[in-house]
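Listing of data.txt; format and content: compact mmCIF, C-alpha atoms and all ligand atoms.
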# COMPACT_ATOMS: atom_id res chain seq x y z
CA MET A 1 -158.53 85.48 62.03
CA LYS A 2 -155.92 83.18 60.48
CA LYS A 3 -152.64 83.24 62.40
CA GLN A 4 -150.09 85.31 60.50
CA GLY A 5 -146.82 83.79 59.31
CA ILE A 6 -143.65 84.04 61.35
CA GLY A 7 -142.17 86.59 58.89
CA THR A 8 -145.11 88.96 59.19
CA ARG A 9 -144.90 88.66 62.96
CA CYS A 10 -141.12 89.27 62.99
CA VAL A 11 -141.80 92.56 61.19
CA GLN A 12 -145.01 93.72 62.85
CA ALA A 13 -145.86 91.92 66.10
CA GLY A 14 -145.57 93.78 69.40
CA TYR A 15 -146.32 97.30 68.16
CA LYS A 16 -149.36 98.85 66.45
CA PRO A 17 -148.99 102.61 65.96
CA GLY A 18 -152.08 104.81 66.00
CA LYS A 19 -152.78 107.76 63.70
CA GLY A 20 -149.77 110.05 63.36
CA GLU A 21 -147.61 107.90 65.64
CA PRO A 22 -144.11 106.72 64.68
CA ARG A 23 -144.05 103.71 62.32
CA GLN A 24 -140.89 102.32 63.92
CA ILE A 25 -140.96 101.74 67.69
CA PRO A 26 -139.94 104.88 69.56
CA ILE A 27 -137.01 104.83 72.00
CA ILE A 28 -138.53 106.01 75.25
CA GLN A 29 -135.37 107.35 76.84
CA SER A 30 -136.96 108.18 80.16
CA THR A 31 -136.32 106.70 83.59
CA THR A 32 -139.70 107.69 84.92
CA PHE A 33 -143.35 108.36 84.02
CA LYS A 34 -145.86 110.98 85.10
CA TYR A 35 -149.25 110.54 86.87
CA GLU A 36 -152.19 112.91 87.38
CA THR A 37 -153.20 111.95 90.91
CA SER A 38 -151.62 110.46 93.99
CA ASP A 39 -154.28 107.76 93.93
CA GLN A 40 -153.32 106.66 90.39
CA MET A 41 -149.71 106.25 91.50
CA GLY A 42 -150.84 104.33 94.61
CA ARG A 43 -152.91 101.88 92.57
CA LEU A 44 -149.91 101.29 90.32
CA PHE A 45 -147.80 100.22 93.31
CA ASP A 46 -150.58 97.84 94.39
CA LEU A 47 -150.43 96.34 90.86
CA GLU A 48 -154.12 97.23 90.49
CA GLU A 49 -153.58 99.66 87.62
CA SER A 50 -151.44 98.92 84.61
CA GLY A 51 -148.89 101.51 83.56
CA TYR A 52 -145.24 102.39 83.76
CA PHE A 53 -143.62 103.71 86.89
CA TYR A 54 -139.91 103.31 86.61
CA THR A 55 -137.60 101.99 83.87
CA ARG A 56 -135.81 99.65 86.32
CA LEU A 57 -138.99 97.52 86.11
CA GLN A 58 -140.47 98.22 82.69
CA ASN A 59 -140.16 100.56 79.74
CA PRO A 60 -142.45 100.87 76.68
CA THR A 61 -139.60 100.34 74.15
CA ASN A 62 -138.59 97.12 75.91
CA ASP A 63 -142.20 96.00 76.05
CA HIS A 64 -142.68 96.35 72.27
CA ALA A 65 -139.67 94.10 71.62
CA ALA A 66 -140.68 91.72 74.42
CA ALA A 67 -144.23 91.46 73.06
CA LYS A 68 -142.81 90.56 69.64
CA ILE A 69 -140.67 87.79 71.18
CA ALA A 70 -143.65 86.50 73.20
CA ASP A 71 -145.71 86.41 69.99
CA LEU A 72 -142.99 84.60 68.02
CA GLU A 73 -142.56 81.98 70.76
CA GLY A 74 -146.32 81.65 71.29
CA GLY A 75 -146.17 82.73 74.95
CA VAL A 76 -148.45 84.86 77.16
CA GLY A 77 -145.73 87.38 78.01
CA ALA A 78 -142.03 88.16 77.94
CA MET A 79 -139.53 90.37 79.70
CA LEU A 80 -136.21 91.71 78.43
CA THR A 81 -133.12 91.45 80.61
CA SER A 82 -129.70 93.10 80.40
CA SER A 83 -128.06 89.86 79.14
CA GLY A 84 -128.72 86.21 78.43
CA GLN A 85 -127.04 85.39 81.73
CA ALA A 86 -129.58 87.57 83.56
CA ALA A 87 -132.45 85.84 81.71
CA ASN A 88 -131.32 82.41 82.90
CA LEU A 89 -130.68 83.72 86.42
CA PHE A 90 -134.18 85.23 86.59
CA ALA A 91 -135.76 82.12 85.09
CA CYS A 92 -134.40 80.09 88.03
CA LEU A 93 -134.66 82.61 90.87
CA ASN A 94 -138.32 83.30 90.04
CA ILE A 95 -139.18 79.84 91.45
CA CYS A 96 -136.09 78.74 93.42
CA GLN A 97 -134.62 79.74 96.75
CA ALA A 98 -131.99 78.41 99.16
CA GLY A 99 -132.71 74.76 99.92
CA ASP A 100 -134.18 74.09 96.48
CA HIS A 101 -132.71 71.96 93.71
CA ILE A 102 -132.37 72.16 89.92
CA VAL A 103 -131.84 69.37 87.39
CA SER A 104 -130.03 70.54 84.26
CA ALA A 105 -128.62 69.05 81.08
CA ALA A 106 -124.81 69.00 81.43
CA ASN A 107 -124.06 70.09 77.85
CA ILE A 108 -125.19 73.70 78.33
CA TYR A 109 -123.32 76.94 77.60
CA GLY A 110 -120.28 77.41 79.88
CA GLY A 111 -121.63 80.66 81.33
CA THR A 112 -124.88 78.99 82.35
CA PHE A 113 -122.99 75.94 83.65
CA ASN A 114 -121.04 78.25 85.98
CA LEU A 115 -124.15 80.24 86.91
CA LEU A 116 -125.93 77.07 88.03
CA GLY A 117 -122.98 74.99 89.21
CA VAL A 118 -121.03 77.71 91.03
CA THR A 119 -123.04 80.85 91.76
CA LEU A 120 -126.49 79.38 92.45
CA THR A 121 -124.85 76.55 94.40
CA LYS A 122 -123.12 79.15 96.62
CA MET A 123 -126.55 80.74 97.15
CA GLY A 124 -127.86 77.42 98.51
CA ILE A 125 -129.59 76.15 95.37
CA ASP A 126 -128.25 72.70 94.60
CA VAL A 127 -127.82 71.52 91.00
CA THR A 128 -127.53 68.06 89.45
CA PHE A 129 -126.18 67.90 85.90
CA VAL A 130 -127.44 65.02 83.78
CA ASN A 131 -126.46 63.64 80.39
CA PRO A 132 -129.49 64.62 78.27
CA ASP A 133 -129.04 61.52 76.09
CA ASP A 134 -129.36 59.15 79.07
CA PRO A 135 -132.53 57.05 79.29
CA GLU A 136 -135.50 58.65 81.03
CA GLU A 137 -135.19 56.40 84.10
CA THR A 138 -131.58 57.49 84.63
CA ILE A 139 -132.45 61.20 84.41
CA ALA A 140 -135.55 60.68 86.61
CA ALA A 141 -133.26 59.45 89.41
CA ALA A 142 -131.75 62.97 89.65
CA PHE A 143 -135.06 64.51 90.81
CA ARG A 144 -135.67 65.15 94.52
CA PRO A 145 -138.71 66.38 96.49
CA GLU A 146 -137.13 69.88 96.55
CA THR A 147 -136.44 69.97 92.78
CA LYS A 148 -138.09 73.06 91.25
CA LEU A 149 -137.19 72.96 87.57
CA LEU A 150 -135.55 71.10 84.71
CA PHE A 151 -133.23 73.05 82.39
CA GLY A 152 -131.76 72.45 78.93
CA GLU A 153 -130.75 74.18 75.68
CA THR A 154 -132.63 73.49 72.41
CA LEU A 155 -129.26 73.50 70.65
CA SER A 156 -126.31 73.35 73.02
CA ASN A 157 -123.50 75.90 72.84
CA PRO A 158 -120.83 74.98 71.71
CA GLY A 159 -121.59 71.28 71.03
CA VAL A 160 -124.70 71.94 68.86
CA GLU A 161 -126.54 68.95 70.36
CA VAL A 162 -130.32 68.90 69.96
CA LEU A 163 -132.45 68.60 73.10
CA ASP A 164 -135.17 65.95 73.02
CA ILE A 165 -137.70 68.51 74.26
CA GLU A 166 -140.63 66.07 74.50
CA LYS A 167 -138.60 63.69 76.65
CA PHE A 168 -137.47 66.54 78.90
CA ALA A 169 -141.02 67.94 79.16
CA ARG A 170 -142.30 64.50 80.20
CA LEU A 171 -139.57 64.21 82.85
CA ALA A 172 -140.31 67.68 84.21
CA HIS A 173 -144.09 67.25 84.28
CA THR A 174 -143.97 63.78 85.86
CA HIS A 175 -142.09 65.45 88.72
CA GLY A 176 -144.47 68.44 88.95
CA VAL A 177 -141.96 71.05 87.77
CA PRO A 178 -141.63 73.27 84.66
CA LEU A 179 -139.20 72.70 81.81
CA ILE A 180 -137.08 75.78 81.08
CA VAL A 181 -135.40 75.80 77.67
CA ASP A 182 -132.73 78.20 76.45
CA ASN A 183 -133.71 78.68 72.80
CA THR A 184 -130.89 81.07 71.85
CA PHE A 185 -129.37 79.30 68.84
CA PRO A 186 -132.48 78.20 66.88
CA THR A 187 -134.55 81.32 67.71
CA PRO A 188 -138.35 80.97 67.37
CA VAL A 189 -137.92 81.05 63.59
CA ASN A 190 -136.45 77.52 63.70
CA CYS A 191 -137.96 76.08 66.89
CA ARG A 192 -140.74 77.01 69.28
CA PRO A 193 -140.15 74.87 72.39
CA PHE A 194 -143.63 75.59 73.82
CA GLU A 195 -145.11 73.55 70.95
CA TRP A 196 -143.16 70.55 72.32
CA GLY A 197 -144.14 71.00 75.96
CA ALA A 198 -141.55 73.44 77.37
CA ASP A 199 -143.02 75.89 79.90
CA ILE A 200 -140.52 78.75 80.01
CA VAL A 201 -138.09 79.87 77.30
CA THR A 202 -134.98 82.02 77.71
CA HIS A 203 -132.81 83.79 75.15
CA SER A 204 -129.48 85.48 74.85
CA THR A 205 -130.80 88.11 72.42
CA THR A 206 -127.13 89.07 71.97
CA LYS A 207 -126.92 86.31 69.35
CA TYR A 208 -129.14 85.91 66.25
CA MET A 209 -132.05 88.00 67.55
CA ASP A 210 -129.88 91.13 67.50
CA GLY A 211 -127.86 89.43 64.80
CA HIS A 212 -125.41 92.25 64.10
CA GLY A 213 -123.21 92.13 67.19
CA VAL A 214 -124.37 95.46 68.59
CA ALA A 215 -126.28 94.88 71.84
CA VAL A 216 -125.95 92.45 74.75
CA GLY A 217 -129.38 91.38 76.01
CA GLY A 218 -131.67 88.58 77.11
CA ALA A 219 -135.32 87.59 77.22
CA LEU A 220 -137.52 85.46 79.44
CA VAL A 221 -140.77 84.12 77.92
CA ASP A 222 -143.70 82.47 79.73
CA SER A 223 -145.91 79.96 77.90
CA GLY A 224 -148.63 80.41 80.51
CA ASN A 225 -149.16 76.65 80.35
CA PHE A 226 -147.66 75.43 83.62
CA ASP A 227 -150.27 74.84 86.34
CA TRP A 228 -148.50 76.33 89.38
CA GLU A 229 -151.60 75.94 91.57
CA ALA A 230 -151.62 72.18 90.94
CA HIS A 231 -148.19 72.09 92.65
CA ALA A 232 -148.78 75.00 95.03
CA ASP A 233 -146.64 73.47 97.81
CA LYS A 234 -143.59 73.59 95.50
CA PHE A 235 -144.11 77.19 94.35
CA PRO A 236 -145.05 79.32 97.38
CA GLY A 237 -143.64 82.44 95.71
CA LEU A 238 -146.37 82.23 93.06
CA CYS A 239 -149.21 80.63 95.02
CA THR A 240 -149.07 82.31 98.47
CA PRO A 241 -149.40 86.01 99.41
CA ASP A 242 -146.50 88.35 98.53
CA ALA A 243 -145.99 90.63 101.54
CA SER A 244 -144.15 93.19 99.38
CA TYR A 245 -147.40 93.75 97.39
CA HIS A 246 -149.93 93.79 100.26
CA GLY A 247 -150.50 90.05 100.22
CA LEU A 248 -151.19 89.72 96.51
CA VAL A 249 -151.14 86.12 95.18
CA TYR A 250 -149.66 86.04 91.66
CA THR A 251 -151.62 83.03 90.41
CA LYS A 252 -154.91 84.53 91.66
CA ALA A 253 -154.24 88.06 90.37
CA PHE A 254 -152.57 87.28 87.04
CA GLY A 255 -153.69 83.76 86.10
CA ARG A 256 -151.66 82.36 83.22
CA ALA A 257 -149.28 85.34 83.35
CA ALA A 258 -148.37 84.73 87.04
CA TYR A 259 -144.77 83.66 86.41
CA ILE A 260 -143.80 86.47 84.02
CA THR A 261 -145.57 89.12 86.13
CA LYS A 262 -143.68 88.02 89.24
CA ALA A 263 -140.39 88.11 87.29
CA THR A 264 -141.08 91.74 86.34
CA THR A 265 -142.69 93.17 89.46
CA HIS A 266 -140.63 91.28 92.02
CA LEU A 267 -137.27 90.11 90.63
CA MET A 268 -136.66 93.01 88.26
CA ARG A 269 -137.72 95.44 90.98
CA ASP A 270 -135.21 93.92 93.41
CA LEU A 271 -132.35 92.86 91.13
CA GLY A 272 -132.64 95.52 88.43
CA SER A 273 -131.05 93.85 85.40
CA ILE A 274 -133.17 95.63 82.81
CA GLN A 275 -132.17 96.00 79.17
CA SER A 276 -131.68 99.63 78.16
CA PRO A 277 -134.40 101.04 75.85
CA GLN A 278 -131.67 101.83 73.30
CA ASN A 279 -130.61 98.17 73.22
CA ALA A 280 -134.26 97.07 73.03
CA PHE A 281 -134.57 99.27 69.93
CA TYR A 282 -131.56 97.56 68.31
CA LEU A 283 -132.98 94.18 69.29
CA ASN A 284 -136.33 95.01 67.69
CA LEU A 285 -134.57 96.10 64.51
CA GLY A 286 -132.75 92.76 64.44
CA LEU A 287 -135.97 90.83 65.02
CA GLN A 288 -137.58 92.51 62.02
CA THR A 289 -135.27 90.57 59.66
CA LEU A 290 -134.74 87.41 61.75
CA HIS A 291 -136.92 85.29 59.43
CA LEU A 292 -134.75 86.31 56.46
CA ARG A 293 -131.41 85.86 58.19
CA MET A 294 -131.91 82.47 59.87
CA PRO A 295 -132.48 80.46 56.67
CA ARG A 296 -129.36 82.00 55.14
CA HIS A 297 -127.23 81.18 58.22
CA CYS A 298 -128.49 77.57 58.05
CA GLU A 299 -128.00 77.12 54.27
CA SER A 300 -124.47 78.49 54.39
CA ALA A 301 -123.53 76.47 57.48
CA LEU A 302 -124.74 73.27 55.81
CA GLU A 303 -122.68 74.06 52.73
CA VAL A 304 -119.60 74.79 54.85
CA ALA A 305 -120.18 71.58 56.86
CA ARG A 306 -120.32 69.58 53.61
CA PHE A 307 -117.09 71.22 52.41
CA LEU A 308 -115.30 70.49 55.70
CA GLU A 309 -116.58 66.91 55.83
CA ARG A 310 -114.81 66.19 52.53
CA HIS A 311 -111.58 68.06 53.32
CA PRO A 312 -108.51 65.83 53.98
CA ASP A 313 -107.24 68.04 56.86
CA VAL A 314 -110.51 67.83 58.77
CA ALA A 315 -110.80 65.04 61.39
CA TRP A 316 -114.49 65.56 62.18
CA VAL A 317 -117.39 68.01 61.74
CA LYS A 318 -120.45 68.33 63.96
CA TYR A 319 -123.50 69.96 62.38
CA PRO A 320 -126.99 68.63 63.13
CA GLY A 321 -128.10 69.47 59.59
CA LEU A 322 -125.66 66.92 58.11
CA PRO A 323 -127.43 63.63 57.30
CA GLY A 324 -124.63 61.62 58.96
CA ASP A 325 -124.64 63.63 62.20
CA LYS A 326 -125.65 61.85 65.41
CA GLU A 327 -128.11 64.70 66.13
CA HIS A 328 -129.69 64.61 62.67
CA ALA A 329 -132.85 62.64 63.54
CA LYS A 330 -133.66 64.96 66.45
CA ALA A 331 -132.88 67.96 64.23
CA LEU A 332 -135.37 66.75 61.61
CA LYS A 333 -138.03 66.43 64.30
CA TYR A 334 -137.50 69.63 66.29
CA LEU A 335 -135.71 71.88 63.76
CA PRO A 336 -137.04 70.89 60.33
CA GLU A 337 -136.38 74.37 58.87
CA GLY A 338 -132.72 74.30 59.91
CA THR A 339 -130.70 74.44 63.13
CA SER A 340 -128.42 77.50 63.17
CA GLY A 341 -125.23 78.81 61.61
CA VAL A 342 -123.03 77.24 64.30
CA LEU A 343 -120.96 74.12 63.72
CA CYS A 344 -117.96 72.46 65.37
CA LEU A 345 -114.91 70.89 63.84
CA GLY A 346 -111.61 69.27 64.68
CA LEU A 347 -108.51 69.22 62.47
CA LYS A 348 -105.98 66.41 62.06
CA GLY A 349 -102.77 68.43 62.39
CA GLY A 350 -102.56 69.04 66.17
CA ARG A 351 -102.49 72.22 68.29
CA ASP A 352 -99.84 74.11 66.27
CA PHE A 353 -101.65 73.34 63.02
CA ASP A 354 -104.91 74.59 64.61
CA ASN A 355 -103.25 77.87 65.54
CA ARG A 356 -101.60 78.34 62.15
CA PHE A 357 -105.02 77.70 60.54
CA MET A 358 -106.79 80.30 62.70
CA ASP A 359 -104.03 82.87 62.21
CA ALA A 360 -104.27 82.42 58.43
CA LEU A 361 -108.02 83.17 58.29
CA ARG A 362 -108.73 86.52 56.63
CA LEU A 363 -112.51 86.84 56.39
CA ILE A 364 -113.45 84.71 59.40
CA THR A 365 -112.37 86.48 62.59
CA ILE A 366 -111.25 85.08 65.94
CA GLU A 367 -113.88 86.13 68.49
CA THR A 368 -115.50 85.00 71.72
CA HIS A 369 -118.83 85.89 70.13
CA VAL A 370 -121.03 83.64 68.03
CA ALA A 371 -124.24 83.75 66.01
CA ASP A 372 -124.29 87.08 64.22
CA CYS A 373 -123.85 88.32 60.65
CA HIS A 374 -120.02 88.12 60.76
CA SER A 375 -118.39 84.70 60.42
CA CYS A 376 -116.17 83.94 63.39
CA ILE A 377 -114.24 81.16 65.07
CA LEU A 378 -113.34 80.22 68.64
CA HIS A 379 -110.98 77.51 69.90
CA PRO A 380 -111.93 76.91 73.55
CA ALA A 381 -108.61 75.16 74.35
CA SER A 382 -106.60 78.23 73.23
CA HIS A 383 -109.10 80.92 74.24
CA THR A 384 -111.94 80.60 76.75
CA HIS A 385 -110.54 77.49 78.53
CA ARG A 386 -106.80 78.10 78.05
CA GLN A 387 -105.97 77.57 81.74
CA LEU A 388 -106.91 73.87 81.41
CA SER A 389 -104.59 71.07 80.28
CA ASP A 390 -105.75 68.69 77.54
CA THR A 391 -106.56 66.09 80.21
CA GLN A 392 -108.59 68.63 82.19
CA LEU A 393 -110.35 69.72 79.01
CA ARG A 394 -111.38 66.14 78.25
CA ALA A 395 -112.59 65.72 81.82
CA ALA A 396 -114.77 68.81 81.31
CA GLY A 397 -116.21 67.23 78.17
CA ILE A 398 -114.32 69.51 75.77
CA ASP A 399 -112.29 67.99 72.94
CA PRO A 400 -108.96 69.92 73.00
CA GLY A 401 -109.15 70.19 69.22
CA LEU A 402 -112.75 71.48 69.12
CA MET A 403 -113.23 74.71 67.19
CA ARG A 404 -116.60 76.47 67.11
CA LEU A 405 -117.29 78.06 63.76
CA SER A 406 -120.16 80.50 63.39
CA ILE A 407 -121.24 81.08 59.81
CA GLY A 408 -122.34 84.63 59.08
CA LEU A 409 -124.16 86.23 56.19
CA GLU A 410 -121.22 86.74 53.83
CA ASP A 411 -121.29 84.92 50.47
CA VAL A 412 -120.72 81.26 51.24
CA GLU A 413 -118.18 80.92 48.39
CA ASP A 414 -116.01 83.53 50.13
CA ILE A 415 -116.31 81.75 53.49
CA ILE A 416 -115.29 78.45 51.91
CA ASP A 417 -112.41 80.10 50.01
CA ASP A 418 -111.15 81.55 53.28
CA LEU A 419 -111.28 78.18 55.07
CA SER A 420 -109.62 76.52 52.10
CA GLN A 421 -106.69 78.95 51.88
CA ALA A 422 -106.19 78.91 55.68
CA LEU A 423 -106.01 75.09 55.75
CA GLU A 424 -103.49 75.23 52.92
CA ALA A 425 -101.44 77.91 54.70
CA ALA A 426 -101.43 75.94 57.96
CA HIS A 427 -99.20 73.32 56.28
CA GLN A 428 -96.41 75.91 55.97
CA ALA A 429 -94.82 75.62 59.41
C1 LIG B 501 -124.37 83.51 74.88
C2 LIG B 501 -125.30 82.58 75.54
C3 LIG B 501 -125.81 82.84 76.82
C4 LIG B 501 -125.39 84.05 77.61
O1 LIG B 501 -125.88 85.20 77.02
P1 LIG B 501 -125.21 86.66 77.21
O2 LIG B 501 -126.11 87.53 76.42
O3 LIG B 501 -123.81 86.59 76.67
O4 LIG B 501 -125.22 86.97 78.67
C5 LIG B 501 -126.72 81.95 77.34
N1 LIG B 501 -127.10 80.84 76.66
C6 LIG B 501 -126.62 80.56 75.44
C7 LIG B 501 -127.08 79.32 74.74
C8 LIG B 501 -125.71 81.41 74.83
O5 LIG B 501 -125.23 81.11 73.61
Would you mind writing the file's structure down as structure tokens?
Ligand SMILES: *Cc1c(COP(=O)(O)O)cnc(C)c1O
Amino acid sequence: MKKQGIGTRCVQAGYKPGKGEPRQIPIIQSTTFKYETSDQMGRLFDLEESGYFYTRLQNPTNDHAAAKIADLEGGVGAMLTSSGQAANLFACLNICQAGDHIVSAANIYGGTFNLLGVTLTKMGIDVTFVNPDDPEETIAAAFRPETKLLFGETLSNPGVEVLDIEKFARLAHTHGVPLIVDNTFPTPVNCRPFEWGADIVTHSTTKYMDGHGVAVGGALVDSGNFDWEAHADKFPGLCTPDASYHGLVYTKAFGRAAYITKATTHLMRDLGSIQSPQNAFYLNLGLQTLHLRMPRHCESALEVARFLERHPDVAWVKYPGLPGDKEHAKALKYLPEGTSGVLCLGLKGGRDFDNRFMDALRLITIETHVADCHSCILHPASHTHRQLSDTQLRAAGIDPGLMRLSIGLEDVEDIIDDLSQALEAAHQA
């Protein structure tokens, strides 16, 4: 059968009701599930029988939404987590332990930068951050015998830089490790990293996938393409017996779904960062219109970027969809349908002008959040990174004037009017 379009799959993938069953996915608000015989329950705990046992590991509502995400990304399986942070944590811990090493792009989301650079480091997993735009030989020098994965973001938050996924996949595979890509900003509507050689994809579903600012969540997706057995010495957790499941070997028992099965049956069992079924329901509702919302976010953001580019008070604008942007060529290759609704800008007037501008905004709200239907703005130097001086900000790679603007689904004329009047108002000291 011909593969259905991404829109059809956003609406329908992951759930096929039978006769008389609910058309929308049901919220299975139950911690536990019933069995007929003791033997059935026993086989479940040996992973010999499929079925649900406890919502800390799996829940049918979550699995409908996860199956939709796996389908959209073109993976063999997916798992929902309580947040995007948990998804990235699980993605790493599923194949890393104390003594191991990670290579990561340096321009990633601040939360993930801290997760890798502070928390995982304290747990004994060493991390080397690389400039993703460096030549391949330079990045290759960061790999060590104990390196277990390469990490990057398709579109970095907040810098909206495009990852050269093919280059990163080559680097990872030459060193016998998987490429893990956080695909939060583009969503599978705009980019499917597996098609470019990535092996594992993560998401903060809190952003466009939910899209309405209602539910924090994450997802981990397995392409099924990485050959763990070919590098069995690097990945003992997947390729040697798991004592906690009677000596089961994930690659032998689950084949291409080894990685995602281990994440569910081992990590989720032990760390318990499951998404609630209620949030999975909201997520699924968001996914059903993702293919309609993403193009609108991108069109409006491009129009806003063009407006800002021409405005005399604006020092610079970063949006990969702009023909003059340094990321534009990579955006055309990896994100031909559009990047996202997120752009960055700097104004000419200095810190006080920046603050007067933000305070004068009426429609666009000041928020830590990004990437949903409401337009919002964040100024890292005044908000998330306010403890740092301008010099410290620059050292951390953050322009003190950088503002992250997330274009929502309001009428673009109204968004532009709001920016225009706020820039005007900022001149009145
Ligand atoms: C927001 C975000 C995260 C963290 O997700 P939460 O759902 O807030 O935990 C991770 N990666 C990227 C790219 C993000 O934008």
Tell me which protein, DNA and RNA residues are within 10 Å of segment 146-152 of chain A, counting all atoms listed in the file, leaving out same-chain ones fewer than 5 positions away, and put them as an mmCIF file with C-alpha atoms, keeping the file's coordinate frame.
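Contents of result_38.cif, freshly written:
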data_model
loop_
_atom_site.group_PDB
_atom_site.id
_atom_site.type_symbol
_atom_site.label_atom_id
_atom_site.label_comp_id
_atom_site.auth_asym_id
_atom_site.auth_seq_id
_atom_site.Cartn_x
_atom_site.Cartn_y
_atom_site.Cartn_z
ATOM 1 C CA ASN A 88 -131.320 82.410 82.900
ATOM 2 C CA ALA A 91 -135.760 82.120 85.090
ATOM 3 C CA CYS A 92 -134.400 80.090 88.030
ATOM 4 C CA ILE A 95 -139.180 79.840 91.450
ATOM 5 C CA CYS A 96 -136.090 78.740 93.420
ATOM 6 C CA GLN A 97 -134.620 79.740 96.750
ATOM 7 C CA GLY A 99 -132.710 74.760 99.920
ATOM 8 C CA ASP A 100 -134.180 74.090 96.480
ATOM 9 C CA HIS A 101 -132.710 71.960 93.710
ATOM 10 C CA ILE A 102 -132.370 72.160 89.920
ATOM 11 C CA VAL A 103 -131.840 69.370 87.390
ATOM 12 C CA SER A 104 -130.030 70.540 84.260
ATOM 13 C CA ALA A 105 -128.620 69.050 81.080
ATOM 14 C CA ALA A 106 -124.810 69.000 81.430
ATOM 15 C CA ASN A 107 -124.060 70.090 77.850
ATOM 16 C CA ILE A 108 -125.190 73.700 78.330
ATOM 17 C CA TYR A 109 -123.320 76.940 77.600
ATOM 18 C CA ILE A 125 -129.590 76.150 95.370
ATOM 19 C CA ASP A 126 -128.250 72.700 94.600
ATOM 20 C CA VAL A 127 -127.820 71.520 91.000
ATOM 21 C CA THR A 128 -127.530 68.060 89.450
ATOM 22 C CA PHE A 129 -126.180 67.900 85.900
ATOM 23 C CA VAL A 130 -127.440 65.020 83.780
ATOM 24 C CA PRO A 132 -129.490 64.620 78.270
ATOM 25 C CA VAL A 162 -130.320 68.900 69.960
ATOM 26 C CA LEU A 163 -132.450 68.600 73.100
ATOM 27 C CA ASP A 164 -135.170 65.950 73.020
ATOM 28 C CA ILE A 165 -137.700 68.510 74.260
ATOM 29 C CA PHE A 168 -137.470 66.540 78.900
ATOM 30 C CA ALA A 169 -141.020 67.940 79.160
ATOM 31 C CA LEU A 171 -139.570 64.210 82.850
ATOM 32 C CA ALA A 172 -140.310 67.680 84.210
ATOM 33 C CA HIS A 173 -144.090 67.250 84.280
ATOM 34 C CA HIS A 175 -142.090 65.450 88.720
ATOM 35 C CA GLY A 176 -144.470 68.440 88.950
ATOM 36 C CA VAL A 177 -141.960 71.050 87.770
ATOM 37 C CA PRO A 178 -141.630 73.270 84.660
ATOM 38 C CA LEU A 179 -139.200 72.700 81.810
ATOM 39 C CA ILE A 180 -137.080 75.780 81.080
ATOM 40 C CA VAL A 181 -135.400 75.800 77.670
ATOM 41 C CA ASP A 182 -132.730 78.200 76.450
ATOM 42 C CA ASN A 183 -133.710 78.680 72.800
ATOM 43 C CA ALA A 198 -141.550 73.440 77.370
ATOM 44 C CA ILE A 200 -140.520 78.750 80.010
ATOM 45 C CA VAL A 201 -138.090 79.870 77.300
ATOM 46 C CA LYS A 234 -143.590 73.590 95.500
ATOM 47 C CA PHE A 235 -144.110 77.190 94.350
#
To check your reading of the model: which residues sit at most 10 Å from ligand LIG 501 (chain B) when counting all atoms listed in the file? Write the answer as JSON, numbers by chain. {"A": [81, 82, 83, 84, 85, 86, 87, 88, 108, 109, 110, 111, 112, 113, 152, 153, 154, 155, 156, 157, 158, 160, 181, 182, 183, 184, 185, 186, 202, 203, 204, 205, 206, 207, 208, 215, 216, 217, 218, 219, 368, 369, 370, 371]}
Under the rule that all atoms listed in the file are counted, which of A:Ser420, A:Thr55, A:Thr32, A:Gln24 is the nearest residue to Val314 of chain A?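 Answer, going by the shortest atom-to-atom distance: A:Ser420.
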Show which residues sit within 12 Å of Gly5 of chain A, as a list in words. Count all atoms listed in the file, and ignore same-chain residues fewer than 3 positions away.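 Counting all atoms listed in the file, the residues come to Lys2, Thr8, Arg9, Cys10, Val11, Gln12, Ala13, Asp71, Leu72, Val189 and His291 of chain A.
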Please identify all polymer residues within 9 Å of Pro26 of chain A, counting only C-alpha atoms, omitting same-chain residues fewer than 5 positions from it, and present them as an MDAnalysis selection string. chainID A and resid 60:61 281
Write out as a PyMOL selection string which residues come within 8 Å of segment 328-342 of chain A when counting only C-alpha atoms, dropping same-chain ones fewer than 2 positions away. chain A and resi 155+160+162-164+185-186+190-191+294-295+297-301+319-326+344+370-371+404-408
May I have the residues from that selection written out with C-alpha atoms, as a compact mmCIF listing (two decimals), in the frame of the given file?
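Final output, result-v1.txt:
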# COMPACT_ATOMS: atom_id res chain seq x y z
CA LEU A 155 -129.26 73.50 70.65
CA VAL A 160 -124.70 71.94 68.86
CA VAL A 162 -130.32 68.90 69.96
CA LEU A 163 -132.45 68.60 73.10
CA ASP A 164 -135.17 65.95 73.02
CA PHE A 185 -129.37 79.30 68.84
CA PRO A 186 -132.48 78.20 66.88
CA ASN A 190 -136.45 77.52 63.70
CA CYS A 191 -137.96 76.08 66.89
CA MET A 294 -131.91 82.47 59.87
CA PRO A 295 -132.48 80.46 56.67
CA HIS A 297 -127.23 81.18 58.22
CA CYS A 298 -128.49 77.57 58.05
CA GLU A 299 -128.00 77.12 54.27
CA SER A 300 -124.47 78.49 54.39
CA ALA A 301 -123.53 76.47 57.48
CA TYR A 319 -123.50 69.96 62.38
CA PRO A 320 -126.99 68.63 63.13
CA GLY A 321 -128.10 69.47 59.59
CA LEU A 322 -125.66 66.92 58.11
CA PRO A 323 -127.43 63.63 57.30
CA GLY A 324 -124.63 61.62 58.96
CA ASP A 325 -124.64 63.63 62.20
CA LYS A 326 -125.65 61.85 65.41
CA CYS A 344 -117.96 72.46 65.37
CA VAL A 370 -121.03 83.64 68.03
CA ALA A 371 -124.24 83.75 66.01
CA ARG A 404 -116.60 76.47 67.11
CA LEU A 405 -117.29 78.06 63.76
CA SER A 406 -120.16 80.50 63.39
CA ILE A 407 -121.24 81.08 59.81
CA GLY A 408 -122.34 84.63 59.08
